[in-house]
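As structure tokens, the structure follows; a few thoughts come after it.
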Amino acid sequence: MSITQFTRFKSDKPEEMIKTAKQGKAIFEKHGAEFLRMSRFHAGGWAGEG
């Protein structure tokens with residue numbers, strides 16, 4: 001059985017978030033995680049809204 005965790009981080013500095021995620025991935029894998037994924041998404045209005 002798998003355990004799934006979702007965490008949302010908010011930042012306006014994508015390069016910093018990628019660096020931090022890579023450090024976090026190493027820590028999670030050290031403790032037995034088999035899979036870690038980071039995805040970007042936009043939660044605001046769409047471009048045609050006005």
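Chain lettering (A, B, ...) mirrors the order of the structure tokens, residue numbering begins at 1 for each chain separately, and ligand numbering begins at 1 in order of display.
Every protein or nucleic acid residue with an atom no more than 12 Å from Gln5 (chain A), counting only C-alpha atoms and leaving out same-chain residues fewer than 5 positions away, appears here: Phe28, Ala33, Phe35, Leu36, Arg37 and Met38 of chain A.
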Residues from last step as file, N, CA and C atoms, as a compact mmCIF listing (two decimals), in the first residue's frame:
```
# COMPACT_ATOMS: atom_id res chain seq x y z
N PHE A 28 13.96 12.91 1.33
CA PHE A 28 12.87 11.93 1.31
C PHE A 28 13.36 10.56 0.83
N ALA A 33 11.61 7.05 0.50
CA ALA A 33 10.65 7.42 -0.55
C ALA A 33 11.12 6.84 -1.89
N PHE A 35 9.38 7.75 -4.84
CA PHE A 35 8.95 8.65 -5.91
C PHE A 35 8.62 10.01 -5.33
N LEU A 36 9.13 11.07 -5.94
CA LEU A 36 8.82 12.43 -5.53
C LEU A 36 8.68 13.28 -6.79
N ARG A 37 7.61 14.05 -6.86
CA ARG A 37 7.40 14.88 -8.05
C ARG A 37 6.97 16.28 -7.63
N MET A 38 7.51 17.27 -8.32
CA MET A 38 7.12 18.65 -8.11
C MET A 38 6.52 19.18 -9.41
```
List every residue of chain A that DSSP, applied to the backbone of this structure, places in helix (DSSP H, G or I), and write the result as a PyMOL selection string. chain A and resi 14-30
Would you write out those residues with N, CA and C atoms, as a PDB file, in the first residue's frame?
```pdb
ATOM      1  N   PRO A  14      10.925  30.778  -8.948  1.00  0.00           N
ATOM      2  CA  PRO A  14      10.927  29.369  -9.378  1.00  0.00           C
ATOM      3  C   PRO A  14      12.292  28.690  -9.258  1.00  0.00           C
ATOM      4  N   GLU A  15      13.381  29.402  -9.525  1.00  0.00           N
ATOM      5  CA  GLU A  15      14.706  28.784  -9.443  1.00  0.00           C
ATOM      6  C   GLU A  15      15.002  28.342  -8.005  1.00  0.00           C
ATOM      7  N   GLU A  16      14.610  29.168  -7.044  1.00  0.00           N
ATOM      8  CA  GLU A  16      14.818  28.836  -5.642  1.00  0.00           C
ATOM      9  C   GLU A  16      13.967  27.636  -5.227  1.00  0.00           C
ATOM     10  N   MET A  17      12.739  27.571  -5.732  1.00  0.00           N
ATOM     11  CA  MET A  17      11.861  26.444  -5.410  1.00  0.00           C
ATOM     12  C   MET A  17      12.418  25.138  -5.976  1.00  0.00           C
ATOM     13  N   ILE A  18      12.955  25.175  -7.183  1.00  0.00           N
ATOM     14  CA  ILE A  18      13.529  23.973  -7.794  1.00  0.00           C
ATOM     15  C   ILE A  18      14.727  23.487  -6.975  1.00  0.00           C
ATOM     16  N   LYS A  19      15.585  24.424  -6.576  1.00  0.00           N
ATOM     17  CA  LYS A  19      16.752  24.075  -5.760  1.00  0.00           C
ATOM     18  C   LYS A  19      16.311  23.427  -4.440  1.00  0.00           C
ATOM     19  N   THR A  20      15.326  24.017  -3.788  1.00  0.00           N
ATOM     20  CA  THR A  20      14.829  23.488  -2.519  1.00  0.00           C
ATOM     21  C   THR A  20      14.177  22.129  -2.704  1.00  0.00           C
ATOM     22  N   ALA A  21      13.423  21.956  -3.792  1.00  0.00           N
ATOM     23  CA  ALA A  21      12.763  20.672  -4.063  1.00  0.00           C
ATOM     24  C   ALA A  21      13.788  19.559  -4.283  1.00  0.00           C
ATOM     25  N   LYS A  22      14.878  19.867  -4.961  1.00  0.00           N
ATOM     26  CA  LYS A  22      15.922  18.864  -5.186  1.00  0.00           C
ATOM     27  C   LYS A  22      16.572  18.454  -3.863  1.00  0.00           C
ATOM     28  N   GLN A  23      16.775  19.414  -2.972  1.00  0.00           N
ATOM     29  CA  GLN A  23      17.324  19.092  -1.657  1.00  0.00           C
ATOM     30  C   GLN A  23      16.326  18.231  -0.875  1.00  0.00           C
ATOM     31  N   GLY A  24      15.053  18.586  -0.946  1.00  0.00           N
ATOM     32  CA  GLY A  24      14.023  17.823  -0.263  1.00  0.00           C
ATOM     33  C   GLY A  24      13.912  16.412  -0.805  1.00  0.00           C
ATOM     34  N   LYS A  25      14.023  16.263  -2.113  1.00  0.00           N
ATOM     35  CA  LYS A  25      13.942  14.935  -2.738  1.00  0.00           C
ATOM     36  C   LYS A  25      15.026  14.016  -2.183  1.00  0.00           C
ATOM     37  N   ALA A  26      16.239  14.527  -2.054  1.00  0.00           N
ATOM     38  CA  ALA A  26      17.336  13.720  -1.517  1.00  0.00           C
ATOM     39  C   ALA A  26      17.029  13.264  -0.088  1.00  0.00           C
ATOM     40  N   ILE A  27      16.450  14.148   0.707  1.00  0.00           N
ATOM     41  CA  ILE A  27      16.109  13.804   2.092  1.00  0.00           C
ATOM     42  C   ILE A  27      15.017  12.732   2.133  1.00  0.00           C
ATOM     43  N   PHE A  28      13.961  12.908   1.329  1.00  0.00           N
ATOM     44  CA  PHE A  28      12.867  11.927   1.305  1.00  0.00           C
ATOM     45  C   PHE A  28      13.358  10.559   0.835  1.00  0.00           C
ATOM     46  N   GLU A  29      14.212  10.542  -0.209  1.00  0.00           N
ATOM     47  CA  GLU A  29      14.720   9.269  -0.720  1.00  0.00           C
ATOM     48  C   GLU A  29      15.629   8.587   0.296  1.00  0.00           C
ATOM     49  N   LYS A  30      16.378   9.377   1.061  1.00  0.00           N
ATOM     50  CA  LYS A  30      17.241   8.816   2.105  1.00  0.00           C
ATOM     51  C   LYS A  30      16.411   8.050   3.137  1.00  0.00           C
TER      52      LYS A  30
END
```
